[in-house]
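Have a look at target-v5.txt below; it lists compact mmCIF, C-alpha atoms and all ligand atoms.
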```txt
# COMPACT_ATOMS: atom_id res chain seq x y z
CA MET A 1 128.03 109.83 88.09
CA GLN A 2 130.73 107.34 87.13
CA ASN A 3 128.96 106.03 84.02
CA HIS A 4 128.33 108.45 81.20
CA PRO A 5 124.56 109.09 81.10
CA ALA A 6 124.46 109.31 77.29
CA ARG A 7 125.96 105.83 77.04
CA LEU A 8 123.40 104.35 79.45
CA ASN A 9 120.57 106.19 77.71
CA ARG A 10 121.70 104.90 74.31
CA ARG A 11 121.69 101.33 75.62
CA LYS A 12 118.24 101.75 77.14
CA ARG A 13 117.02 103.41 73.94
CA ASP A 14 118.21 100.38 71.93
CA GLY A 15 116.41 97.90 74.20
CA GLY A 16 119.42 96.86 76.29
CA GLU A 17 119.43 96.01 79.99
CA LEU A 18 121.14 98.11 82.66
CA THR A 19 123.06 96.57 85.54
CA ARG A 20 122.44 97.14 89.23
CA ASP A 21 125.50 99.40 89.50
CA GLU A 22 124.51 101.44 86.48
CA ILE A 23 120.99 101.99 87.85
CA ARG A 24 122.35 102.94 91.28
CA ASP A 25 124.80 105.32 89.69
CA PHE A 26 121.99 106.94 87.69
CA VAL A 27 119.81 107.38 90.78
CA THR A 28 122.75 108.88 92.67
CA GLY A 29 123.04 111.41 89.84
CA VAL A 30 119.31 112.20 90.16
CA VAL A 31 119.73 113.12 93.81
CA ASP A 32 123.13 114.84 93.82
CA GLY A 33 122.24 116.88 90.72
CA SER A 34 125.12 115.60 88.58
CA LEU A 35 122.53 114.21 86.13
CA GLY A 36 121.04 116.96 83.99
CA ASP A 37 117.32 117.41 83.31
CA ALA A 38 117.78 116.50 79.64
CA GLN A 39 119.61 113.30 80.57
CA LEU A 40 116.96 112.34 83.10
CA GLY A 41 114.14 113.14 80.66
CA ALA A 42 115.78 111.01 77.95
CA PHE A 43 116.21 108.11 80.39
CA LEU A 44 112.57 108.27 81.46
CA MET A 45 111.40 108.36 77.85
CA ALA A 46 113.60 105.38 76.95
CA VAL A 47 112.12 103.42 79.87
CA CYS A 48 108.62 104.53 78.99
CA CYS A 49 109.05 103.30 75.39
CA ASN A 50 111.09 100.12 75.97
CA GLY A 51 110.05 99.09 79.49
CA MET A 52 112.36 97.49 82.02
CA THR A 53 113.07 93.87 82.82
CA PRO A 54 111.74 92.66 86.20
CA THR A 55 115.32 92.70 87.54
CA GLU A 56 115.86 96.28 86.38
CA THR A 57 112.57 97.36 87.97
CA VAL A 58 113.57 95.79 91.29
CA GLU A 59 116.98 97.48 91.15
CA LEU A 60 115.47 100.86 90.26
CA THR A 61 112.97 100.54 93.13
CA LEU A 62 115.69 99.64 95.65
CA ALA A 63 118.01 102.38 94.44
CA MET A 64 115.21 104.95 94.76
CA ARG A 65 114.29 103.63 98.22
CA ASP A 66 117.93 103.91 99.29
CA SER A 67 118.22 107.47 97.94
CA GLY A 68 116.90 108.68 101.31
CA ARG A 69 116.24 107.40 104.79
CA VAL A 70 114.89 103.90 105.22
CA LEU A 71 113.02 103.70 108.51
CA ARG A 72 113.27 100.85 110.97
CA HIS A 73 110.91 100.43 113.87
CA ASP A 74 112.87 98.06 116.08
CA ALA A 75 111.17 99.37 119.22
CA VAL A 76 107.76 98.31 117.87
CA PRO A 77 107.32 94.57 118.42
CA ARG A 78 104.22 94.24 116.18
CA ALA A 79 104.22 93.37 112.46
CA LYS A 80 104.26 96.57 110.40
CA VAL A 81 101.85 96.61 107.48
CA ASP A 82 100.65 99.52 105.35
CA LYS A 83 98.12 100.02 102.57
CA HIS A 84 98.54 102.12 99.46
CA SER A 85 95.83 103.13 97.05
CA THR A 86 96.34 104.43 93.54
CA GLY A 87 93.62 106.95 94.41
CA GLY A 88 90.20 108.01 93.37
CA VAL A 89 87.24 110.21 94.23
CA GLY A 90 85.87 109.85 97.75
CA ASP A 91 88.63 107.40 98.68
CA LYS A 92 88.90 108.13 102.39
CA VAL A 93 89.62 104.50 103.33
CA SER A 94 93.03 105.18 104.95
CA LEU A 95 91.48 107.33 107.70
CA LEU A 96 89.33 104.41 108.83
CA LEU A 97 91.62 101.55 107.92
CA ALA A 98 94.67 102.66 109.92
CA PRO A 99 92.89 102.72 113.33
CA LEU A 100 90.91 99.60 112.41
CA VAL A 101 93.99 97.52 111.68
CA ALA A 102 95.97 99.08 114.54
CA ALA A 103 93.15 98.11 116.92
CA ALA A 104 93.68 94.51 115.78
CA GLY A 105 97.34 94.57 116.85
CA VAL A 106 99.14 95.53 113.64
CA ALA A 107 101.45 98.56 113.47
CA VAL A 108 100.57 100.84 110.54
CA PRO A 109 103.30 103.33 109.54
CA MET A 110 101.44 105.30 106.89
CA ILE A 111 103.22 107.93 104.81
CA SER A 112 100.74 109.44 102.37
CA GLY A 113 100.52 112.02 99.64
CA ARG A 114 98.58 115.19 98.99
CA GLY A 115 95.90 115.30 96.33
CA LEU A 116 96.75 116.39 92.80
CA GLY A 117 94.18 116.69 90.02
CA HIS A 118 90.81 115.06 90.53
CA THR A 119 91.96 112.48 93.09
CA GLY A 120 92.09 113.46 96.73
CA GLY A 121 95.01 112.84 99.09
CA THR A 122 94.98 111.53 102.65
CA ILE A 123 97.19 114.38 103.88
CA ASP A 124 94.67 117.00 102.67
CA LYS A 125 91.82 115.16 104.39
CA LEU A 126 93.74 115.02 107.67
CA ALA A 127 94.57 118.73 107.32
CA ALA A 128 90.82 119.39 107.60
CA ILE A 129 90.97 118.30 111.26
CA PRO A 130 91.84 121.36 113.40
CA GLY A 131 95.35 121.04 114.82
CA TYR A 132 96.20 117.68 113.25
CA ARG A 133 99.90 117.54 112.30
CA THR A 134 101.22 115.37 109.48
CA ASP A 135 104.59 117.14 109.11
CA LEU A 136 106.30 114.72 111.48
CA SER A 137 110.05 114.18 111.60
CA CYS A 138 111.11 110.58 111.10
CA GLU A 139 111.83 110.34 114.85
CA ARG A 140 108.40 111.70 115.82
CA PHE A 141 106.73 109.40 113.28
CA GLN A 142 108.40 106.43 114.96
CA GLN A 143 107.33 107.64 118.42
CA VAL A 144 103.71 108.07 117.32
CA LEU A 145 103.70 104.60 115.82
CA GLN A 146 105.02 103.15 119.06
CA GLU A 147 102.54 105.10 121.18
CA CYS A 148 99.28 104.50 119.34
CA GLY A 149 99.80 101.70 116.84
CA TYR A 150 99.57 103.87 113.76
CA ALA A 151 101.10 107.08 112.49
CA MET A 152 100.05 109.26 109.56
CA ALA A 153 102.56 111.59 107.91
CA GLY A 154 103.26 113.35 104.64
CA ALA A 155 106.28 112.32 102.59
CA SER A 156 109.22 114.42 103.76
CA ALA A 157 112.24 115.25 101.61
CA GLU A 158 114.11 112.57 103.58
CA ILE A 159 112.02 109.74 102.14
CA ALA A 160 112.97 108.54 98.62
CA PRO A 161 114.13 111.97 97.39
CA ALA A 162 114.96 110.50 93.96
CA ASP A 163 111.24 110.02 93.40
CA ARG A 164 110.50 113.73 93.89
CA ARG A 165 112.73 114.77 91.01
CA MET A 166 111.84 111.79 88.85
CA TYR A 167 108.08 112.25 89.36
CA SER A 168 108.14 115.95 88.54
CA THR A 169 110.27 115.27 85.46
CA ARG A 170 107.86 112.51 84.38
CA ASP A 171 105.03 114.95 84.76
CA VAL A 172 106.54 117.40 82.24
CA THR A 173 107.98 114.85 79.81
CA GLY A 174 104.88 112.74 79.21
CA THR A 175 106.38 109.70 80.94
CA VAL A 176 104.01 109.17 83.85
CA GLU A 177 102.33 106.19 82.16
CA SER A 178 105.01 103.54 82.53
CA ILE A 179 104.42 100.45 84.65
CA PRO A 180 108.09 100.09 85.79
CA LEU A 181 108.32 103.80 86.64
CA ILE A 182 104.99 103.80 88.53
CA THR A 183 106.00 100.62 90.36
CA ALA A 184 109.37 102.05 91.41
CA SER A 185 107.83 105.39 92.39
CA ILE A 186 105.14 103.89 94.62
CA LEU A 187 107.23 101.11 96.14
CA SER A 188 110.37 103.17 96.80
CA LYS A 189 108.38 105.38 99.18
CA LYS A 190 106.44 102.52 100.77
CA LEU A 191 109.53 100.34 101.30
CA ALA A 192 111.26 103.27 103.02
CA GLU A 193 108.53 103.21 105.70
CA GLY A 194 110.10 100.12 107.25
CA ILE A 195 107.20 97.75 106.57
CA ASP A 196 106.96 93.96 106.67
CA GLY A 197 103.87 93.90 104.48
CA LEU A 198 101.94 96.05 102.02
CA VAL A 199 98.39 95.78 100.73
CA MET A 200 97.88 97.58 97.43
CA ASP A 201 94.51 98.92 96.43
CA VAL A 202 94.78 99.34 92.67
CA LYS A 203 91.72 101.12 91.38
CA ALA A 204 90.24 100.74 87.91
CA GLY A 205 87.50 102.82 86.34
CA ARG A 206 86.65 106.28 85.09
CA ALA A 207 88.23 108.24 87.94
CA ALA A 208 91.17 105.89 88.53
CA PHE A 209 94.81 106.44 87.67
CA MET A 210 94.46 103.28 85.57
CA GLN A 211 91.13 103.52 83.81
CA ARG A 212 91.32 100.24 81.92
CA GLU A 213 91.14 97.05 83.92
CA GLU A 214 93.95 95.36 81.97
CA ASP A 215 96.33 98.24 82.79
CA ALA A 216 95.36 98.06 86.47
CA VAL A 217 96.03 94.31 86.46
CA ALA A 218 99.46 94.86 84.86
CA LEU A 219 100.30 97.39 87.59
CA MET A 220 99.07 95.02 90.32
CA GLU A 221 101.22 92.20 88.97
CA SER A 222 104.27 94.42 88.74
CA ILE A 223 103.90 95.83 92.27
CA VAL A 224 103.28 92.41 93.80
CA ALA A 225 106.32 90.88 92.03
CA VAL A 226 108.72 93.77 92.74
CA GLY A 227 107.55 94.21 96.35
CA ARG A 228 108.11 90.51 97.04
CA ALA A 229 111.52 90.55 95.35
CA ALA A 230 112.39 93.44 97.68
CA GLY A 231 111.61 91.22 100.65
CA VAL A 232 108.18 92.50 101.68
CA LYS A 233 104.93 90.51 101.83
CA VAL A 234 102.52 91.99 99.31
CA ALA A 235 98.84 91.42 98.53
CA ALA A 236 96.75 93.47 96.11
CA LEU A 237 93.09 94.09 95.42
CA LEU A 238 91.68 95.58 92.25
CA THR A 239 88.76 97.77 93.29
CA ASP A 240 86.13 99.78 91.48
CA MET A 241 86.56 103.49 90.75
CA ASP A 242 83.81 103.76 88.18
CA HIS A 243 81.74 105.45 90.91
CA PRO A 244 82.81 107.45 93.96
CA LEU A 245 83.45 105.73 97.27
CA GLY A 246 81.01 106.74 100.01
CA ARG A 247 78.89 109.89 100.00
CA GLY A 248 81.16 112.69 101.22
CA LEU A 249 83.47 114.14 98.53
CA GLY A 250 85.83 116.92 99.61
CA ASN A 251 88.23 117.03 102.53
CA ALA A 252 86.20 118.02 105.64
CA LEU A 253 83.11 116.30 104.22
CA GLU A 254 85.09 113.08 103.95
CA VAL A 255 86.36 113.43 107.52
CA THR A 256 82.75 113.93 108.65
CA GLU A 257 81.83 110.67 106.92
CA ILE A 258 84.69 108.91 108.72
CA LEU A 259 83.55 110.29 112.09
CA GLN A 260 80.07 108.91 111.42
CA ALA A 261 81.54 105.61 110.23
CA LEU A 262 83.46 105.26 113.51
CA ASP A 263 80.05 105.33 115.22
CA GLY A 264 78.79 102.61 112.87
CA ASP A 265 77.01 104.78 110.30
CA CYS A 266 79.06 103.84 107.24
CA PRO A 267 78.03 103.58 103.58
CA ASP A 268 78.10 99.96 102.36
CA ASP A 269 80.74 100.52 99.67
CA LEU A 270 83.15 102.25 102.05
CA ARG A 271 82.63 99.53 104.66
CA GLU A 272 83.19 96.77 102.11
CA VAL A 273 86.43 98.12 100.65
CA THR A 274 87.79 99.01 104.11
CA LEU A 275 87.10 95.55 105.52
CA ALA A 276 88.44 93.78 102.44
CA LEU A 277 91.74 95.70 102.62
CA GLY A 278 91.91 95.42 106.41
CA ALA A 279 91.43 91.65 106.32
CA GLU A 280 94.34 91.34 103.86
CA MET A 281 96.51 93.43 106.20
CA LEU A 282 95.72 91.16 109.15
CA LEU A 283 96.62 88.10 107.07
CA LEU A 284 99.95 89.60 105.99
CA ALA A 285 100.68 90.53 109.61
CA GLY A 286 99.97 86.98 110.70
CA VAL A 287 97.36 88.02 113.27
CA ALA A 288 94.55 86.13 111.49
CA THR A 289 94.56 82.73 109.84
CA ASP A 290 92.02 83.36 107.10
CA LEU A 291 89.99 86.18 105.58
CA PRO A 292 86.63 85.39 107.27
CA ALA A 293 88.32 85.32 110.70
CA ALA A 294 90.15 88.57 109.94
CA ARG A 295 86.91 90.27 108.88
CA ALA A 296 85.08 89.03 111.97
CA THR A 297 87.84 90.46 114.20
CA LEU A 298 87.70 93.84 112.47
CA GLU A 299 83.89 94.01 112.56
CA GLN A 300 83.86 93.27 116.27
CA LEU A 301 86.52 95.91 117.07
CA TRP A 302 84.54 98.42 115.01
CA ARG A 303 81.22 97.54 116.69
CA ASP A 304 82.76 97.63 120.17
CA GLY A 305 84.15 101.14 119.73
CA VAL A 306 87.80 100.05 119.97
CA VAL A 307 88.53 101.57 116.56
CA LYS A 308 87.11 104.91 117.66
CA GLN A 309 89.27 104.81 120.80
CA CYS A 310 92.31 104.13 118.66
CA PHE A 311 91.38 107.04 116.33
CA ARG A 312 90.93 109.31 119.38
CA HIS A 313 94.32 108.33 120.77
CA ASN A 314 96.03 109.09 117.45
CA LEU A 315 94.18 112.44 117.19
CA GLU A 316 95.46 113.41 120.62
CA VAL A 317 99.02 112.33 119.88
CA GLN A 318 99.17 114.04 116.46
CA GLY A 319 97.69 117.30 117.77
CA GLY A 320 94.15 117.04 116.38
CA ASP A 321 91.18 118.35 118.33
CA PRO A 322 89.53 115.21 119.77
CA ARG A 323 86.27 117.11 120.35
CA VAL A 324 85.49 116.62 116.63
CA LEU A 325 84.64 113.03 117.53
CA ASP A 326 81.57 114.28 119.39
CA ASP A 327 80.89 117.39 117.35
CA ALA A 328 81.75 117.25 113.64
CA SER A 329 80.64 120.88 113.24
CA LEU A 330 84.04 121.82 114.74
CA LEU A 331 85.51 120.87 111.36
CA GLY A 332 83.84 123.99 109.98
CA ARG A 333 81.53 124.38 107.03
CA ALA A 334 81.48 126.20 103.68
CA PRO A 335 79.24 129.30 103.72
CA HIS A 336 77.00 128.18 100.83
CA VAL A 337 75.30 124.78 101.00
CA VAL A 338 72.88 124.20 98.15
CA ALA A 339 70.59 121.21 97.65
CA ILE A 340 70.26 119.83 94.12
CA LYS A 341 66.68 118.65 93.74
CA ALA A 342 65.51 115.89 91.39
CA ALA A 343 63.62 117.26 88.38
CA ARG A 344 61.81 113.95 87.84
CA PRO A 345 61.17 110.68 89.67
CA GLY A 346 63.17 107.52 88.91
CA PHE A 347 66.46 105.96 89.87
CA VAL A 348 69.95 107.46 89.96
CA ALA A 349 71.33 106.12 86.66
CA ASP A 350 74.94 107.25 87.05
CA VAL A 351 77.30 109.03 89.41
CA ASP A 352 80.25 110.13 87.30
CA PRO A 353 83.26 110.25 89.64
CA LEU A 354 85.58 111.98 87.20
CA GLU A 355 83.24 114.91 86.66
CA LEU A 356 82.57 115.14 90.42
CA GLY A 357 86.32 115.10 91.05
CA HIS A 358 86.76 117.99 88.60
CA VAL A 359 83.87 119.88 90.23
CA ILE A 360 85.62 119.60 93.61
CA VAL A 361 88.89 120.90 92.15
CA ASP A 362 86.99 123.83 90.58
CA LEU A 363 85.28 124.57 93.91
CA GLY A 364 88.81 124.91 95.37
CA GLY A 365 88.87 121.55 97.16
CA GLY A 366 91.75 120.14 95.08
CA ARG A 367 94.89 121.27 93.27
CA ARG A 368 95.62 121.97 89.63
CA GLN A 369 99.25 122.81 90.45
CA PRO A 370 101.30 121.31 93.30
CA THR A 371 101.58 124.78 94.89
CA ASP A 372 97.80 125.47 94.97
CA ALA A 373 96.12 125.95 98.37
CA VAL A 374 93.17 123.69 99.15
CA ASP A 375 89.84 124.80 100.66
CA PRO A 376 89.03 122.08 103.23
CA HIS A 377 85.31 122.82 103.45
CA VAL A 378 84.04 122.70 99.88
CA GLY A 379 82.76 119.63 98.08
CA VAL A 380 79.72 117.53 97.38
CA VAL A 381 77.63 115.22 99.56
CA LEU A 382 75.65 112.60 97.69
CA ALA A 383 72.17 112.31 99.17
CA LYS A 384 71.49 109.46 96.72
CA THR A 385 73.89 107.05 95.06
CA LEU A 386 73.76 104.79 92.02
CA GLY A 387 70.50 102.84 91.69
CA GLU A 388 68.66 104.59 94.53
CA ALA A 389 65.05 105.63 93.96
CA ILE A 390 64.25 109.34 94.01
CA THR A 391 61.08 111.40 93.77
CA THR A 392 60.63 114.83 92.17
CA GLY A 393 61.96 117.58 94.44
CA GLU A 394 63.91 115.20 96.64
CA ALA A 395 67.58 116.06 97.24
CA LEU A 396 70.00 114.30 94.92
CA ALA A 397 73.13 115.93 96.36
CA PHE A 398 74.36 118.96 98.30
CA VAL A 399 77.04 121.31 97.02
CA HIS A 400 79.25 123.02 99.64
CA ALA A 401 80.84 126.14 98.14
CA ARG A 402 82.73 129.27 99.15
CA THR A 403 80.51 131.61 97.05
CA ALA A 404 76.94 131.56 95.73
CA ALA A 405 78.24 131.75 92.15
CA ALA A 406 80.53 128.75 92.66
CA ALA A 407 77.62 126.82 94.22
CA ALA A 408 75.36 127.60 91.24
CA ALA A 409 77.98 126.58 88.65
CA ALA A 410 78.82 123.37 90.52
CA SER A 411 75.14 122.47 91.02
CA LYS A 412 74.49 122.34 87.28
CA ARG A 413 77.48 120.10 86.71
CA VAL A 414 76.61 117.78 89.62
CA ALA A 415 73.04 117.40 88.32
CA ALA A 416 74.41 116.48 84.87
CA ALA A 417 76.85 114.00 86.45
CA MET A 418 73.95 112.27 88.26
CA PRO A 419 71.23 111.62 85.64
CA ILE A 420 67.94 110.04 86.67
CA GLY A 421 66.57 107.13 84.63
CA ASP A 422 63.69 104.67 84.69
CA LYS A 423 65.63 101.49 85.41
CA ARG A 424 67.42 100.62 88.62
CA ARG A 425 71.13 100.19 87.80
CA ARG A 426 73.28 98.24 90.23
CA ARG A 427 76.95 98.79 90.90
CA GLY A 428 79.27 95.96 89.79
CA ALA A 429 81.61 94.16 92.17
CA LEU A 430 83.61 96.52 94.38
CA VAL A 431 86.52 94.11 94.66
CA LYS A 432 87.16 92.81 91.17
CA ARG A 433 90.32 90.79 91.64
CA ARG A 434 92.70 89.61 94.37
CA MET A 435 96.37 88.72 94.28
CA ALA A 436 97.74 87.24 97.48
N1 LIG A 501 101.66 107.50 92.56
C1 LIG A 501 102.98 107.60 92.79
O1 LIG A 501 103.42 107.79 93.91
N2 LIG A 501 103.80 107.48 91.74
C2 LIG A 501 103.38 107.27 90.48
O2 LIG A 501 104.20 107.15 89.59
C3 LIG A 501 102.01 107.18 90.27
C4 LIG A 501 101.16 107.29 91.33
```
Could you write out this structure as structure tokens?
Amino acid sequence: MQNHPARLNRRKRDGGELTRDEIRDFVTGVVDGSLGDAQLGAFLMAVCCNGMTPTETVELTLAMRDSGRVLRHDAVPRAKVDKHSTGGVGDKVSLLLAPLVAAAGVAVPMISGRGLGHTGGTIDKLAAIPGYRTDLSCERFQQVLQECGYAMAGASAEIAPADRRMYSTRDVTGTVESIPLITASILSKKLAEGIDGLVMDVKAGRAAFMQREEDAVALMESIVAVGRAAGVKVAALLTDMDHPLGRGLGNALEVTEILQALDGDCPDDLREVTLALGAEMLLLAGVATDLPAARATLEQLWRDGVVKQCFRHNLEVQGGDPRVLDDASLLGRAPHVVAIKAARPGFVADVDPLELGHVIVDLGGGRRQPTDAVDPHVGVVLAKTLGEAITTGEALAFVHARTAAAAAAASKRVAAAMPIGDKRRRRGALVKRRMA
């Protein structure tokens, strides 16, 4: 580092503004190791407490993007648009959205994360498909994109390496909750994908990264502004995470739900959020003139089986076993599947996504620590969702567990997370706000 970190930290601590060169210098020090952990921690805390100006946030994002490889897909003539979600329970949208949007003529270079804590990750869901490879080199990722219109990969050390060190330091210094730092972390990785457009799905609710709607809106505004300043088209939707998305919760169970959805059997909430995000992607790509036309295109491709063909092609190219499309049992199954029966008649009065997310982690389907292994087969399938009528003895949900003891412990918690009441409660709007 050319600038002395203590001097920059002091200025940031006292509410001053850093220049582009100072921020770039700092990020260089993050990656080459010349910046110490204490200096990085102090910087993150100063930003967390004092914020960053919009210009500083843009510069930090670009410096983090440029800390690794920035992909270009010159051989792909289509517009390149991706989606990123801040995550939630049952959020399997990417698995359906990528082939859907690719089928409509948009290239989708999707680099995703693994799950940590109660929220699942796309890479863990894909790992539940026998043979499917997400550890693609940048070159292979580009080839897959060219060959089948979309590519799904995990973030390699080559993409925005500054974020790896910064995120893990934020985790241990209590500085995760900072809008400029979250913005730079998310966008640095997405901008390195070589995209023309990005649709953000910012979730709000009990199981969301941002639980309060006003915080989710602040993040949306920041990501839209910084993404645009970085030269990418950005749209954002604020969507509900006060209840899980769909009925399958847990990696293989979510893939099973996607396989059914490809054949048209898709829960309404999953369909709605997928189409809403997909339509925004088509608009950004310039392949549709308005949202209703974009939705109509996507619905037709879905109905006609084109999306399933696109999914099959990607499975074949990325090493997955395409026979799962005709036989989901090839995904495997946990040895203990236990039905939770309703103790009384009524309506499902709540489905607490945060508790269900924790149950899945405790069943082994998620990680407490980044190094934890994940059991692909465990989880919960909701037989009923919010507001649905149920009679005594009817199945409320099914727990999929590795042992009988784990199934019994999880069953009690799932029953408590899904109380039955006398009044039919309806879910609020799934898409709460749009910025485009
Ligand atoms: N996801 C990221 O990639 N980074 C953050 O800072 C928060 C969520």
query: Can you list, as a list in words, every protein, DNA or RNA residue that comes within 7 Å of region 81-91 of chain A when you count all atoms listed in the file, leaving out same-chain residues fewer than 4 positions away?
result: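 Those residues are Val106, Ala107, Val108, Pro109, Met110, Thr119, Gly120, Ile195, Asp196, Gly197, Leu198, Val199, Met200, Asp201, Val202, Lys203, Ala207, Ala208, Phe209, Met241, Pro244, Leu245, Gly246, Gly248, Leu249, Met281, Ala285, Pro353 and Gly357 of chain A.
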- prompt: Which residue gives the smallest distance to Pro376 (chain A) among A:Thr256, A:Thr169, A:Thr297, A:Ser67, with all atoms listed in the file counted?
  reply: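 Looking only at the distances to Pro376 (chain A), the closest residue turns out to be A:Thr256.
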Quick one: which chain A residues come within 6 Å of ligand LIG 501 (chain A), and what is the nearest atom pair for each with the distance in Å to one decimal, counting all atoms listed in the file, rows ordered by chain and ascending number, as CSV?
```
residue,atom,partner,partner_atom,distance
A:Ile182,CA,A:LIG501,O2,3.6
A:Ser185,CA,A:LIG501,N2,4.6
A:Ile186,CA,A:LIG501,O1,4.3
```
- request: Around the point (78.8, 117.4, 111.2) in the file's coordinates, collect all residues with an atom within 9 Å, using all atoms listed in the file, and return them as a PyMOL selection string.
  value: chain A and resi 253+256-257+259-260+324+327-333
- prompt: Counting all atoms listed in the file, which of A:Leu238, A:Ala401, A:Val414, A:Ile390 gets nearest to Arg212 (chain A)?
  reply: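 Nearest to Arg212 (chain A): A:Leu238.
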query: At what distance in Å, to one decimal, does CA of Gly113 (chain A) lie from CA of Asp362 (chain A)?
result: 20.1 Å
Residues within 12 Å of Gly393 (chain A), please, as an mmCIF file with C-alpha atoms, keeping the file's coordinate frame. Count only C-alpha atoms; anything in the same chain fewer than 6 positions from it doesn't count.
```cif
data_model
loop_
_atom_site.group_PDB
_atom_site.id
_atom_site.type_symbol
_atom_site.label_atom_id
_atom_site.label_comp_id
_atom_site.auth_asym_id
_atom_site.auth_seq_id
_atom_site.Cartn_x
_atom_site.Cartn_y
_atom_site.Cartn_z
ATOM 1 C CA ALA A 339 70.590 121.210 97.650
ATOM 2 C CA ILE A 340 70.260 119.830 94.120
ATOM 3 C CA LYS A 341 66.680 118.650 93.740
ATOM 4 C CA ALA A 342 65.510 115.890 91.390
ATOM 5 C CA ALA A 343 63.620 117.260 88.380
ATOM 6 C CA ARG A 344 61.810 113.950 87.840
ATOM 7 C CA PRO A 345 61.170 110.680 89.670
ATOM 8 C CA GLY A 346 63.170 107.520 88.910
#
```
- prompt: How many Å lie between CA of Phe347 (chain A) and CA of Leu363 (chain A), rounded to one decimal?
  reply: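 It comes out at 26.8 Å.
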- line: Of A:Ile420, A:Ala405, A:Ala429, A:Leu71, the one nearest to Thr385 (chain A) when counting only C-alpha atoms is A:Ile420
query: From the list A:Asp263, A:Asp66, A:Asp240, A:Glu280, which residue is nearest Gly428 (chain A) when using only C-alpha atoms?
result: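 Answer, going by the shortest atom-to-atom distance: A:Asp240.
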query: So how far away is CA of Met45 (chain A) from CA of Thr57 (chain A), in Å?
result: 15.0 Å
message: If we draw a sphere of 9 Å around (108.5, 102.9, 77.6), which residues have at least one atom in it when counting all atoms listed in the file? Please report them as a VMD selection string.
response: chain A and resid 44 to 52 175 177 to 180
Contact residues around Val93 (chain A) with all atoms listed in the file at 9 Å, ignoring same-chain residues under 5 positions, as a PyMOL selection string: chain A and resi 85+98+122+245+258+270-271+273-274
